[in-house]
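Engineer: Sharing a structure below in structure tokens format, with a few things to ask.
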Amino acid sequence: MSRLAFFDLDGTLADRQSALSDALTRLCRSRALSPDAEQWLRTELADRATASDFARLREAFGLEVSAADLWQEYVDLMAAAVTCRPEVLEGLARLRAAAWTIGVITNGAGDIQRAKLVETGLADLVDGVAASGDLEIRKPDRRLFELGASRCGVSLADGGWMVGDNPAGDVGGGHQAGLRTIWLRGRTWPDGLPAANHVVDDVTDAITILLNETE
């Protein structure tokens with residue numbers, strides 16, 4: 001079995017939800033946005049954010065500041081707020097020491113996802129990154145997994161693993177890409193989706209499973 005492991009970023013390696021709340025609080029305070037604008041942002045950005053969201057915000061609330069400036073401030077605030085637990089970083093370092101290739105496959109704009117990877121220290125532990133904004137396609141599209149493999153310098157044909165919290169995107173997408181899968185329990189499992197190879201409560205448990213594969 002190939003020693004290739006792809007990980008989802010938001011909700012798997014990094015805590016997006018608490019970072020989002022903190023970043024939006026700071027952004028709205030910085031720009032003196034109304035409570036209605038803040039609530040709009042919290043609703044619209046609940047799952048993901050792109051630069052176009054801030055163009056819509058600007059239009060909806062008649063803001064003078066440019067959408068590009070709002071987006072860049074949001075990117076900077078999110079990168080500063082997002083966290084990755086030390087035990088997750090240590091686990092990834094152990095995988096690399098065991099000759100695993102590590103990739104990140106994430107839905108989201110490339111600039112913000114890469115900024116998160118740098119600020120959390122994850123960038124130093126990852127061989128390649130594929131963000132949906134790079135190709136304007138999203139998981140479970142197999143092409144995003146192919147891009148991730150290419151950026152890691154490996155081939156999907158050799159197999160590997162996908163670890164993530166999203167049943168359809170991570171487990172379903174990984175299955176379609178010919179990968180074995182580990183699901184972080186939490187979201188509702190959709191009818192008709194093939195089962196993951198393993199189900200865990202924490203990404204560190206997934207890392208332990210991968211390490212046991214190579215012992």
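Every chain in the structure tokens takes a letter, A first, then B, and so on in the order presented; its residues are numbered from 1, and the ligands are numbered from 1 following the presented order.
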Excluding stretch 65-78 of chain A and residues on its chain fewer than 4 positions from it, collect all residues at most 10 Å away from it, counting only C-alpha atoms, and give them as an NGL selection string.
Structural biologist: :A and (16 or 18-28 or 30-31 or 49-59 or 82-83 or 109 or 111-116 or 119)
Engineer: Could you save those same residues with N, CA, C and O atoms as a compact mmCIF listing (two decimals), in the first residue's frame?
Structural biologist:
```txt
# COMPACT_ATOMS: atom_id res chain seq x y z
N ARG A 16 -11.71 25.52 11.99
CA ARG A 16 -12.19 26.68 11.24
C ARG A 16 -13.26 27.46 12.00
O ARG A 16 -13.30 28.69 11.94
N SER A 18 -14.12 28.15 15.22
CA SER A 18 -13.77 29.15 16.23
C SER A 18 -12.97 30.29 15.60
O SER A 18 -13.12 31.45 15.98
N ALA A 19 -12.13 29.95 14.62
CA ALA A 19 -11.36 30.99 13.92
C ALA A 19 -12.29 31.92 13.15
O ALA A 19 -12.09 33.14 13.13
N LEU A 20 -13.32 31.35 12.51
CA LEU A 20 -14.26 32.16 11.75
C LEU A 20 -14.97 33.16 12.64
O LEU A 20 -15.08 34.34 12.32
N SER A 21 -15.44 32.69 13.78
CA SER A 21 -16.14 33.58 14.70
C SER A 21 -15.25 34.73 15.15
O SER A 21 -15.65 35.90 15.15
N ASP A 22 -14.01 34.40 15.50
CA ASP A 22 -13.06 35.42 15.96
C ASP A 22 -12.73 36.40 14.83
O ASP A 22 -12.72 37.62 15.04
N ALA A 23 -12.46 35.88 13.63
CA ALA A 23 -12.08 36.74 12.51
C ALA A 23 -13.21 37.69 12.12
O ALA A 23 -12.98 38.87 11.84
N LEU A 24 -14.45 37.18 12.11
CA LEU A 24 -15.57 38.04 11.73
C LEU A 24 -15.86 39.10 12.79
O LEU A 24 -16.20 40.24 12.46
N THR A 25 -15.70 38.74 14.05
CA THR A 25 -15.86 39.74 15.11
C THR A 25 -14.86 40.87 14.91
O THR A 25 -15.22 42.06 14.99
N ARG A 26 -13.61 40.52 14.63
CA ARG A 26 -12.57 41.53 14.45
C ARG A 26 -12.78 42.35 13.18
O ARG A 26 -12.58 43.57 13.17
N LEU A 27 -13.20 41.69 12.11
CA LEU A 27 -13.43 42.39 10.85
C LEU A 27 -14.56 43.39 10.99
O LEU A 27 -14.45 44.55 10.54
N CYS A 28 -15.64 42.98 11.61
CA CYS A 28 -16.80 43.86 11.74
C CYS A 28 -16.49 45.05 12.65
O CYS A 28 -16.95 46.17 12.42
N SER A 30 -13.39 46.30 13.04
CA SER A 30 -12.43 47.11 12.29
C SER A 30 -13.12 48.00 11.27
O SER A 30 -12.75 49.17 11.08
N ARG A 31 -14.14 47.46 10.61
CA ARG A 31 -14.82 48.19 9.52
C ARG A 31 -16.13 48.83 9.98
O ARG A 31 -16.86 49.37 9.14
N ALA A 49 -15.70 30.52 2.30
CA ALA A 49 -15.67 31.93 1.94
C ALA A 49 -14.84 32.13 0.69
O ALA A 49 -13.82 31.47 0.50
N THR A 50 -15.28 33.03 -0.16
CA THR A 50 -14.52 33.42 -1.34
C THR A 50 -14.56 34.93 -1.47
O THR A 50 -15.37 35.61 -0.82
N ALA A 51 -13.71 35.45 -2.33
CA ALA A 51 -13.67 36.90 -2.54
C ALA A 51 -15.02 37.42 -3.02
O ALA A 51 -15.42 38.55 -2.69
N SER A 52 -15.75 36.62 -3.79
CA SER A 52 -17.04 37.08 -4.32
C SER A 52 -18.06 37.32 -3.21
O SER A 52 -18.97 38.14 -3.37
N ASP A 53 -17.91 36.63 -2.07
CA ASP A 53 -18.81 36.87 -0.95
C ASP A 53 -18.72 38.32 -0.47
O ASP A 53 -19.72 38.92 -0.08
N PHE A 54 -17.52 38.88 -0.52
CA PHE A 54 -17.34 40.24 -0.03
C PHE A 54 -17.80 41.27 -1.05
O PHE A 54 -18.19 42.38 -0.69
N ALA A 55 -17.81 40.89 -2.32
CA ALA A 55 -18.42 41.76 -3.33
C ALA A 55 -19.93 41.82 -3.11
O ALA A 55 -20.56 42.89 -3.21
N ARG A 56 -20.53 40.68 -2.75
CA ARG A 56 -21.96 40.65 -2.47
C ARG A 56 -22.28 41.42 -1.20
O ARG A 56 -23.29 42.12 -1.11
N LEU A 57 -21.43 41.29 -0.19
CA LEU A 57 -21.61 42.03 1.05
C LEU A 57 -21.59 43.54 0.79
O LEU A 57 -22.46 44.28 1.27
N ARG A 58 -20.62 43.96 0.01
CA ARG A 58 -20.45 45.38 -0.30
C ARG A 58 -21.69 45.93 -1.00
O ARG A 58 -22.18 47.02 -0.69
N GLU A 59 -22.21 45.13 -1.94
CA GLU A 59 -23.39 45.57 -2.68
C GLU A 59 -24.64 45.56 -1.80
O GLU A 59 -25.44 46.50 -1.82
N VAL A 82 -6.76 30.95 13.02
CA VAL A 82 -6.91 29.50 12.91
C VAL A 82 -5.82 28.78 13.69
O VAL A 82 -4.69 29.26 13.81
N THR A 83 -6.18 27.63 14.25
CA THR A 83 -5.23 26.88 15.08
C THR A 83 -5.18 25.42 14.67
O THR A 83 -6.14 24.87 14.13
N ALA A 109 -10.84 28.85 -1.19
CA ALA A 109 -9.98 29.68 -2.03
C ALA A 109 -8.51 29.39 -1.70
O ALA A 109 -8.14 29.23 -0.55
N ASP A 111 -5.76 31.19 -1.75
CA ASP A 111 -4.95 32.12 -0.95
C ASP A 111 -5.25 31.97 0.54
O ASP A 111 -4.33 31.93 1.36
N ILE A 112 -6.51 31.83 0.90
CA ILE A 112 -6.82 31.74 2.33
C ILE A 112 -6.41 30.38 2.89
O ILE A 112 -5.90 30.30 4.01
N GLN A 113 -6.57 29.31 2.12
CA GLN A 113 -6.21 27.99 2.64
C GLN A 113 -4.70 27.89 2.84
O GLN A 113 -4.22 27.33 3.83
N ARG A 114 -3.93 28.44 1.92
CA ARG A 114 -2.46 28.39 2.06
C ARG A 114 -1.99 29.29 3.20
O ARG A 114 -1.03 28.97 3.90
N ALA A 115 -2.67 30.41 3.40
CA ALA A 115 -2.32 31.29 4.53
C ALA A 115 -2.55 30.57 5.85
O ALA A 115 -1.74 30.67 6.78
N LYS A 116 -3.63 29.79 5.95
CA LYS A 116 -3.89 29.01 7.16
C LYS A 116 -2.79 27.97 7.38
O LYS A 116 -2.34 27.76 8.51
N GLU A 119 0.36 29.76 8.72
CA GLU A 119 0.25 30.30 10.07
C GLU A 119 0.16 29.21 11.14
O GLU A 119 0.58 29.41 12.27
```
Engineer: Determine which residues of chain A DSSP labels as alpha helix (DSSP H) from the backbone of this structure, then write them out as a PyMOL selection string.
Structural biologist: chain A and resi 16-30+35-44+51-61+67-81+86-97+110-120+132-135+142-152+173-176+203-213
Engineer: Fewer than 2 positions away in the same chain doesn't count, so skip those; otherwise give me all residues within 6 Å of stretch 175-184 of chain A, counting only C-alpha atoms, as a list in words.
Structural biologist: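 With the cut-off at 6 Å, the set is Arg142, Gly159, Gly160, Trp161, Met162, Val163, Gly164, Asp165, Val171, Gly172, Gly173, Ala196, Asn197, His198, Val199, Val200 and Asp201 of chain A.
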Engineer: Taking 4 positions as the minimum chain separation for residues in the same chain, which residues sit within 12 Å of A:Asp191 when counting only C-alpha atoms? Answer as an MDAnalysis selection string.
Structural biologist: chainID A and resid 167:168 172 195
Engineer: Convert the current residue selection to file output with C-alpha atoms, as an mmCIF file, in the first residue's frame.
Structural biologist:
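Done, and the output landed in result-v7.cif:
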```cif
data_model
loop_
_atom_site.group_PDB
_atom_site.id
_atom_site.type_symbol
_atom_site.label_atom_id
_atom_site.label_comp_id
_atom_site.auth_asym_id
_atom_site.auth_seq_id
_atom_site.Cartn_x
_atom_site.Cartn_y
_atom_site.Cartn_z
ATOM 1 C CA PRO A 167 -18.875 12.279 4.301
ATOM 2 C CA ALA A 168 -19.555 13.156 0.660
ATOM 3 C CA GLY A 172 -17.072 9.797 -1.093
ATOM 4 C CA ALA A 195 -18.788 3.216 4.380
#
```
Engineer: In Å, how far is it from atom CA of A:Leu63 to atom CA of A:Asp36?
Structural biologist: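 Distance reported for this atom pair: 12.8 Å.
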Engineer: If we count only C-alpha atoms and set the cut-off at 7 Å, which residues sit around A:Val88, ignoring sequence neighbours fewer than 4 positions away in its own chain? Please answer as a list in words.
Structural biologist: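 The contact residues come out as Cys84, Leu92 and Thr204 of chain A.
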Engineer: So how far away is atom CA of A:Val129 from atom CA of A:Val104, in Å?
Structural biologist: 4.8 Å
Engineer: Would you mind listing what lies within 9 Å of A:Asp202 as number ranges by chain, with only C-alpha atoms counted and same-chain residues fewer than 4 positions away left out?
Structural biologist: A: 12, 184-185, 206
Engineer: For N, CA and C atoms, I'd like the residues from the last selection saved as a compact mmCIF listing (two decimals), in the first residue's frame.
Structural biologist:
```
# COMPACT_ATOMS: atom_id res chain seq x y z
N THR A 12 -10.73 19.23 10.13
CA THR A 12 -9.95 18.00 10.26
C THR A 12 -8.59 18.31 10.87
N LEU A 184 -13.83 11.37 10.18
CA LEU A 184 -13.96 11.96 11.51
C LEU A 184 -15.44 12.14 11.79
N ARG A 185 -15.94 11.35 12.70
CA ARG A 185 -17.36 11.32 13.02
C ARG A 185 -17.87 12.70 13.41
N ALA A 206 -6.78 8.94 13.55
CA ALA A 206 -6.54 8.57 12.16
C ALA A 206 -5.05 8.43 11.88
```
Engineer: So, with only C-alpha atoms as the atoms that count, which of A:Ile105, A:Ile207, A:Asn166, A:Leu9 lies closest to A:Glu146?
Structural biologist: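 Distance minimum relative to A:Glu146 lands on A:Ile105.
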Engineer: For atom CA of A:Ser132 and atom CA of A:Glu38, quote the distance in Å rounded to one decimal.
Structural biologist: 25.6 Å
Engineer: Which of these, A:Ala98, A:Ala14, A:Leu41, A:Ala149, has the shortest distance to A:Val118 once you count only C-alpha atoms?
Structural biologist: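 Once distances to A:Val118 are computed over only C-alpha atoms, the minimum belongs to A:Ala14.
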Engineer: Got a sec to tell me which of stretch 19-165 of chain A DSSP assigns to strand (DSSP E), as a ChimeraX atom specification?
Structural biologist: /A:101-106,128-131,161-164
Engineer: Using only C-alpha atoms, pick whichever of A:Ala5, A:Leu147, A:Ser155, A:Glu213 has the shortest atom-to-atom distance to A:Arg96.
Structural biologist: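 Under the stated criterion, the closest residue is A:Ala5.
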Engineer: Applying 12 Å and only C-alpha atoms, which residues near A:Arg94 remain after dropping the ones on its own chain fewer than 4 positions away? List them as a ChimeraX atom specification.
Structural biologist: /A:87-90,98-102,125,204,207-208,210-212,214
